[in-house]
file entry_31.cif (mmCIF, N, CA and C atoms)
data_start
loop_
_atom_site.label_atom_id
_atom_site.label_comp_id
_atom_site.auth_asym_id
_atom_site.auth_seq_id
_atom_site.Cartn_x
_atom_site.Cartn_y
_atom_site.Cartn_z
N MET A 1 28.89 -199.64 91.43
CA MET A 1 29.46 -199.74 90.11
C MET A 1 29.84 -198.36 89.57
N ALA A 2 29.12 -197.31 89.97
CA ALA A 2 29.40 -195.96 89.49
C ALA A 2 30.70 -195.42 90.08
N ASN A 3 31.13 -195.96 91.17
CA ASN A 3 32.37 -195.51 91.82
C ASN A 3 33.56 -196.38 91.48
N ASP A 4 33.44 -197.21 90.50
CA ASP A 4 34.52 -198.11 90.11
C ASP A 4 35.64 -197.29 89.45
N PRO A 5 36.81 -197.16 90.09
CA PRO A 5 37.90 -196.34 89.54
C PRO A 5 38.47 -196.91 88.23
N GLU A 6 38.40 -198.19 88.07
CA GLU A 6 38.92 -198.81 86.85
C GLU A 6 38.06 -198.41 85.63
N LEU A 7 36.75 -198.32 85.82
CA LEU A 7 35.85 -197.89 84.76
C LEU A 7 36.13 -196.44 84.36
N TRP A 8 36.30 -195.58 85.36
CA TRP A 8 36.59 -194.17 85.07
C TRP A 8 37.95 -194.02 84.37
N TRP A 9 38.93 -194.78 84.82
CA TRP A 9 40.26 -194.71 84.22
C TRP A 9 40.19 -195.15 82.74
N SER A 10 39.43 -196.17 82.42
CA SER A 10 39.27 -196.63 81.04
C SER A 10 38.56 -195.57 80.20
N LEU A 11 37.56 -194.93 80.76
CA LEU A 11 36.85 -193.87 80.05
C LEU A 11 37.77 -192.68 79.75
N ILE A 12 38.59 -192.31 80.69
CA ILE A 12 39.54 -191.20 80.49
C ILE A 12 40.54 -191.56 79.40
N LYS A 13 41.02 -192.80 79.38
CA LYS A 13 41.98 -193.22 78.35
C LYS A 13 41.34 -193.16 76.96
N VAL A 14 40.09 -193.58 76.84
CA VAL A 14 39.41 -193.54 75.55
C VAL A 14 39.26 -192.10 75.07
N VAL A 15 38.87 -191.20 75.96
CA VAL A 15 38.70 -189.79 75.59
C VAL A 15 40.03 -189.18 75.16
N VAL A 16 41.12 -189.47 75.87
CA VAL A 16 42.44 -188.93 75.52
C VAL A 16 42.88 -189.46 74.16
N VAL A 17 42.69 -190.72 73.90
CA VAL A 17 43.07 -191.30 72.61
C VAL A 17 42.27 -190.66 71.48
N LEU A 18 40.97 -190.45 71.68
CA LEU A 18 40.15 -189.80 70.66
C LEU A 18 40.58 -188.35 70.43
N LEU A 19 40.94 -187.64 71.50
CA LEU A 19 41.40 -186.26 71.35
C LEU A 19 42.72 -186.18 70.59
N ILE A 20 43.53 -187.20 70.68
CA ILE A 20 44.79 -187.22 69.94
C ILE A 20 44.57 -187.68 68.50
N LEU A 21 43.75 -188.70 68.29
CA LEU A 21 43.58 -189.26 66.95
C LEU A 21 42.73 -188.38 66.03
N ALA A 22 41.74 -187.69 66.54
CA ALA A 22 40.85 -186.91 65.68
C ALA A 22 41.61 -185.84 64.87
N PRO A 23 42.45 -185.00 65.48
CA PRO A 23 43.19 -184.03 64.66
C PRO A 23 44.20 -184.68 63.72
N VAL A 24 44.81 -185.77 64.15
CA VAL A 24 45.77 -186.47 63.28
C VAL A 24 45.07 -187.00 62.05
N ILE A 25 43.93 -187.63 62.22
CA ILE A 25 43.17 -188.16 61.08
C ILE A 25 42.72 -187.02 60.18
N TYR A 26 42.27 -185.92 60.75
CA TYR A 26 41.82 -184.77 59.97
C TYR A 26 42.94 -184.23 59.08
N PHE A 27 44.12 -183.99 59.65
CA PHE A 27 45.21 -183.41 58.88
C PHE A 27 45.80 -184.40 57.87
N VAL A 28 45.81 -185.68 58.18
CA VAL A 28 46.30 -186.66 57.22
C VAL A 28 45.37 -186.74 56.02
N THR A 29 44.06 -186.74 56.24
CA THR A 29 43.13 -186.80 55.10
C THR A 29 43.18 -185.51 54.29
N LYS A 30 43.37 -184.38 54.94
CA LYS A 30 43.50 -183.11 54.22
C LYS A 30 44.77 -183.10 53.37
N TRP A 31 45.87 -183.57 53.91
CA TRP A 31 47.12 -183.66 53.17
C TRP A 31 46.99 -184.62 51.99
N TYR A 32 46.37 -185.76 52.20
CA TYR A 32 46.19 -186.75 51.14
C TYR A 32 45.30 -186.20 50.03
N GLY A 33 44.27 -185.43 50.37
CA GLY A 33 43.42 -184.81 49.36
C GLY A 33 44.19 -183.83 48.49
N LYS A 34 45.08 -183.04 49.09
CA LYS A 34 45.91 -182.12 48.31
C LYS A 34 46.88 -182.89 47.42
N LEU A 35 47.36 -183.99 47.90
CA LEU A 35 48.29 -184.82 47.11
C LEU A 35 47.60 -185.36 45.87
N GLN A 36 46.33 -185.68 45.96
CA GLN A 36 45.59 -186.24 44.84
C GLN A 36 45.17 -185.19 43.82
N ARG A 37 45.12 -183.90 44.19
CA ARG A 37 44.66 -182.84 43.30
C ARG A 37 45.80 -182.11 42.60
N THR A 38 46.92 -182.72 42.37
CA THR A 38 48.07 -182.02 41.82
C THR A 38 48.11 -181.99 40.30
N SER A 39 47.01 -182.30 39.63
CA SER A 39 46.97 -182.26 38.18
C SER A 39 46.97 -180.81 37.71
N THR A 40 48.01 -180.43 36.97
CA THR A 40 48.09 -179.07 36.47
C THR A 40 47.80 -179.01 34.97
N THR A 41 47.60 -180.14 34.34
CA THR A 41 47.36 -180.15 32.90
C THR A 41 45.88 -180.14 32.57
N LEU A 42 45.02 -180.32 33.54
CA LEU A 42 43.58 -180.37 33.31
C LEU A 42 42.92 -179.19 34.00
N ARG A 43 42.17 -178.38 33.20
CA ARG A 43 41.48 -177.22 33.76
C ARG A 43 40.08 -177.13 33.19
N ILE A 44 39.12 -176.79 34.04
CA ILE A 44 37.77 -176.52 33.57
C ILE A 44 37.72 -175.04 33.22
N ARG A 45 37.56 -174.75 31.95
CA ARG A 45 37.58 -173.37 31.47
C ARG A 45 36.23 -172.69 31.65
N GLU A 46 35.15 -173.45 31.45
CA GLU A 46 33.82 -172.85 31.57
C GLU A 46 32.81 -173.95 31.85
N ARG A 47 31.73 -173.56 32.56
CA ARG A 47 30.65 -174.50 32.87
C ARG A 47 29.33 -173.78 32.72
N ILE A 48 28.41 -174.39 32.00
CA ILE A 48 27.06 -173.85 31.85
C ILE A 48 26.09 -174.89 32.38
N SER A 49 25.29 -174.52 33.37
CA SER A 49 24.32 -175.44 33.97
C SER A 49 22.95 -175.24 33.32
N PHE A 50 22.30 -176.34 33.02
CA PHE A 50 20.95 -176.31 32.47
C PHE A 50 19.92 -176.78 33.49
N GLY A 51 20.32 -176.97 34.73
CA GLY A 51 19.43 -177.43 35.77
C GLY A 51 19.21 -178.93 35.68
N GLY A 52 18.72 -179.51 36.73
CA GLY A 52 18.44 -180.94 36.74
C GLY A 52 19.68 -181.79 36.51
N ASN A 53 20.83 -181.39 37.05
CA ASN A 53 22.09 -182.12 36.90
C ASN A 53 22.53 -182.25 35.45
N LYS A 54 22.28 -181.25 34.63
CA LYS A 54 22.72 -181.24 33.23
C LYS A 54 23.60 -180.02 33.02
N SER A 55 24.80 -180.23 32.47
CA SER A 55 25.74 -179.14 32.28
C SER A 55 26.57 -179.36 31.03
N LEU A 56 27.10 -178.27 30.51
CA LEU A 56 28.12 -178.30 29.46
C LEU A 56 29.42 -177.81 30.07
N TYR A 57 30.51 -178.50 29.79
CA TYR A 57 31.82 -178.13 30.28
C TYR A 57 32.76 -177.90 29.11
N VAL A 58 33.57 -176.86 29.21
CA VAL A 58 34.71 -176.69 28.31
C VAL A 58 35.94 -177.00 29.15
N VAL A 59 36.65 -178.07 28.77
CA VAL A 59 37.78 -178.56 29.54
C VAL A 59 39.04 -178.41 28.70
N GLU A 60 40.10 -177.83 29.30
CA GLU A 60 41.39 -177.70 28.63
C GLU A 60 42.29 -178.83 29.12
N TRP A 61 42.88 -179.55 28.15
CA TRP A 61 43.80 -180.62 28.50
C TRP A 61 44.81 -180.77 27.37
N GLU A 62 46.09 -180.66 27.71
CA GLU A 62 47.20 -180.81 26.77
C GLU A 62 47.00 -179.99 25.50
N ASN A 63 46.78 -178.70 25.67
CA ASN A 63 46.64 -177.73 24.57
C ASN A 63 45.46 -178.00 23.64
N ASP A 64 44.46 -178.66 24.14
CA ASP A 64 43.21 -178.86 23.39
C ASP A 64 42.04 -178.49 24.29
N LEU A 65 40.95 -178.07 23.68
CA LEU A 65 39.72 -177.77 24.40
C LEU A 65 38.69 -178.84 24.04
N TYR A 66 38.00 -179.35 25.04
CA TYR A 66 36.99 -180.39 24.85
C TYR A 66 35.66 -179.86 25.34
N LEU A 67 34.62 -180.06 24.57
CA LEU A 67 33.26 -179.71 24.97
C LEU A 67 32.57 -181.00 25.41
N LEU A 68 32.14 -181.04 26.67
CA LEU A 68 31.54 -182.24 27.25
C LEU A 68 30.13 -181.94 27.75
N ALA A 69 29.20 -182.83 27.48
CA ALA A 69 27.87 -182.77 28.06
C ALA A 69 27.86 -183.71 29.25
N VAL A 70 27.47 -183.21 30.40
CA VAL A 70 27.54 -183.99 31.64
C VAL A 70 26.17 -184.03 32.29
N THR A 71 25.71 -185.24 32.60
CA THR A 71 24.50 -185.44 33.39
C THR A 71 24.87 -186.27 34.60
N SER A 72 23.90 -186.57 35.44
CA SER A 72 24.21 -187.37 36.63
C SER A 72 24.54 -188.82 36.29
N GLN A 73 24.19 -189.26 35.08
CA GLN A 73 24.43 -190.66 34.72
C GLN A 73 25.33 -190.83 33.50
N ASN A 74 25.73 -189.72 32.84
CA ASN A 74 26.45 -189.86 31.58
C ASN A 74 27.36 -188.67 31.35
N ILE A 75 28.49 -188.92 30.69
CA ILE A 75 29.38 -187.87 30.19
C ILE A 75 29.58 -188.14 28.71
N GLU A 76 29.26 -187.14 27.88
CA GLU A 76 29.33 -187.34 26.44
C GLU A 76 30.28 -186.32 25.81
N PHE A 77 31.20 -186.81 25.00
CA PHE A 77 32.12 -185.96 24.26
C PHE A 77 31.39 -185.34 23.09
N ILE A 78 31.48 -184.01 22.93
CA ILE A 78 30.78 -183.34 21.83
C ILE A 78 31.77 -182.84 20.78
N ASP A 79 32.84 -182.15 21.20
CA ASP A 79 33.74 -181.56 20.22
C ASP A 79 35.13 -181.36 20.82
N LYS A 80 36.13 -181.26 19.93
CA LYS A 80 37.51 -181.01 20.33
C LYS A 80 38.06 -179.90 19.45
N ARG A 81 38.73 -178.93 20.06
CA ARG A 81 39.34 -177.83 19.32
C ARG A 81 40.76 -177.62 19.84
N ALA A 82 41.62 -177.11 18.99
CA ALA A 82 42.97 -176.73 19.42
C ALA A 82 42.86 -175.49 20.28
N PHE A 83 43.63 -175.45 21.35
CA PHE A 83 43.59 -174.31 22.26
C PHE A 83 44.36 -173.15 21.67
N VAL A 84 43.77 -171.96 21.69
CA VAL A 84 44.41 -170.72 21.25
C VAL A 84 44.54 -169.84 22.47
N SER A 85 45.66 -169.14 22.60
CA SER A 85 45.86 -168.31 23.79
C SER A 85 44.71 -167.32 23.95
N GLU A 86 44.48 -166.88 25.17
CA GLU A 86 43.31 -166.04 25.47
C GLU A 86 43.33 -164.72 24.72
N THR A 87 44.50 -164.10 24.56
CA THR A 87 44.55 -162.81 23.88
C THR A 87 44.21 -162.97 22.40
N THR A 88 44.68 -164.05 21.78
CA THR A 88 44.39 -164.30 20.38
C THR A 88 42.92 -164.66 20.20
N SER A 89 42.38 -165.48 21.10
CA SER A 89 40.98 -165.88 20.96
C SER A 89 40.05 -164.69 21.16
N ASP A 90 40.41 -163.76 22.06
CA ASP A 90 39.58 -162.57 22.25
C ASP A 90 39.54 -161.74 20.97
N LEU A 91 40.70 -161.58 20.34
CA LEU A 91 40.75 -160.80 19.11
C LEU A 91 39.97 -161.49 18.00
N SER A 92 40.13 -162.81 17.89
CA SER A 92 39.43 -163.52 16.82
C SER A 92 37.92 -163.53 17.07
N CYS A 93 37.51 -163.58 18.32
CA CYS A 93 36.07 -163.54 18.62
C CYS A 93 35.50 -162.18 18.24
N ARG A 94 36.22 -161.13 18.52
CA ARG A 94 35.74 -159.80 18.16
C ARG A 94 35.62 -159.67 16.65
N LYS A 95 36.60 -160.21 15.94
CA LYS A 95 36.57 -160.13 14.49
C LYS A 95 35.37 -160.89 13.93
N VAL A 96 35.12 -162.08 14.45
CA VAL A 96 33.99 -162.88 13.98
C VAL A 96 32.68 -162.18 14.30
N GLU A 97 32.57 -161.61 15.50
CA GLU A 97 31.35 -160.92 15.87
C GLU A 97 31.07 -159.72 14.97
N SER A 98 32.13 -158.97 14.63
CA SER A 98 31.91 -157.80 13.79
C SER A 98 31.54 -158.20 12.36
N GLU A 99 32.06 -159.34 11.88
CA GLU A 99 31.73 -159.80 10.54
C GLU A 99 30.31 -160.35 10.48
N ASN A 100 29.86 -160.97 11.58
CA ASN A 100 28.56 -161.63 11.57
C ASN A 100 27.47 -160.83 12.27
N SER A 101 27.77 -159.61 12.67
CA SER A 101 26.73 -158.84 13.37
C SER A 101 25.71 -158.31 12.39
N HIS A 102 24.47 -158.40 12.78
CA HIS A 102 23.37 -157.93 11.95
C HIS A 102 22.52 -156.96 12.75
N SER A 103 22.00 -155.99 12.08
CA SER A 103 21.13 -155.01 12.75
C SER A 103 19.68 -155.34 12.38
N PHE A 104 18.83 -155.37 13.40
CA PHE A 104 17.42 -155.69 13.18
C PHE A 104 16.54 -154.48 13.45
N ASP A 105 17.05 -153.30 13.20
CA ASP A 105 16.27 -152.07 13.46
C ASP A 105 15.19 -151.85 12.45
#

call {"tool": "encode", "arguments": {"input": "entry_31.cif", "output": "structure tokens"}}
result
Amino acid sequence: MANDPELWWSLIKVVVVLLILAPVIYFVTKWYGKLQRTSTTLRIRERISFGGNKSLYVVEWENDLYLLAVTSQNIEFIDKRAFVSETTSDLSCRKVESENSHSFD
């Protein structure tokens, strides 16, 4: 039975088919994954992890910023703000910090 040429021929055909299909399946799934990630309107601006699958996310979507609390079982909306360009927000943050800074010396 070990010298059966038909058995060896079938085994060789299976190996050749697998060698052809494996790269094809890999590249098709990689291409499909890129096709699904084409959202350019949604961006995660910042993420703060609190450990134990608990995080805060600042998400930008359609010129608004959303603050979301995310756990392994729940996503909760906390706040929504209008998006301000980064240069303007940096300046306004500095202004607020200088107005609210206190010295504890």

call {"tool": "atom_distance", "arguments": {"input": "entry_31.cif", "atom1": "CA of Gly52 in chain A", "atom2": "CA of Leu67 in chain A"}}
result
19.0 Å

call {"tool": "atom_distance", "arguments": {"input": "entry_31.cif", "atom1": "CA of Glu60 in chain A", "atom2": "atom C of Arg37 in chain A"}}
result
15.3 Å

call {"tool": "closest_residue", "arguments": {"input": "entry_31.cif", "among": "A:Trp8, A:Tyr32, A:Phe83, A:Phe77", "to": "Leu65 in chain A", "atoms": "only C-alpha atoms"}}
result
A:Phe83

call {"tool": "atom_distance", "arguments": {"input": "entry_31.cif", "atom1": "CA of Glu76 in chain A", "atom2": "CA of Ser49 in chain A"}}
result
14.9 Å

call {"tool": "select_by_dssp", "arguments": {"input": "entry_31.cif", "residues": "range 6-97 of chain A", "states": "helix (DSSP H, G or I)", "output": "PyMOL selection string"}}
result
chain A and resi 6-36+86-97

call {"tool": "select_by_dssp", "arguments": {"input": "entry_31.cif", "residues": "range 2-93 of chain A", "states": "strand (DSSP E or B)", "output": "JSON, numbers by chain"}}
result
{"A": [42, 43, 44, 45, 46, 47, 48, 49, 50, 51, 54, 55, 56, 57, 58, 59, 60, 61, 64, 65, 66, 67, 68, 69, 70, 75, 76, 77, 78, 79, 80, 81, 82]}

call {"tool": "resolve_selection", "arguments": {"input": "entry_31.cif", "expression": "the PyMOL selection byres ((chain A and resi 57) around 6.5)", "output": "VMD selection string"}}
result
chain A and resid 45 to 48 55 to 56 58 to 59 66 to 70

call {"tool": "residues_around", "arguments": {"input": "entry_31.cif", "residues": "Thr71 in chain A", "least_positions_apart": "4", "cutoff": "6 Å", "atoms": "all atoms listed in the file", "output": "number ranges by chain"}}
result
A: 53-55, 75
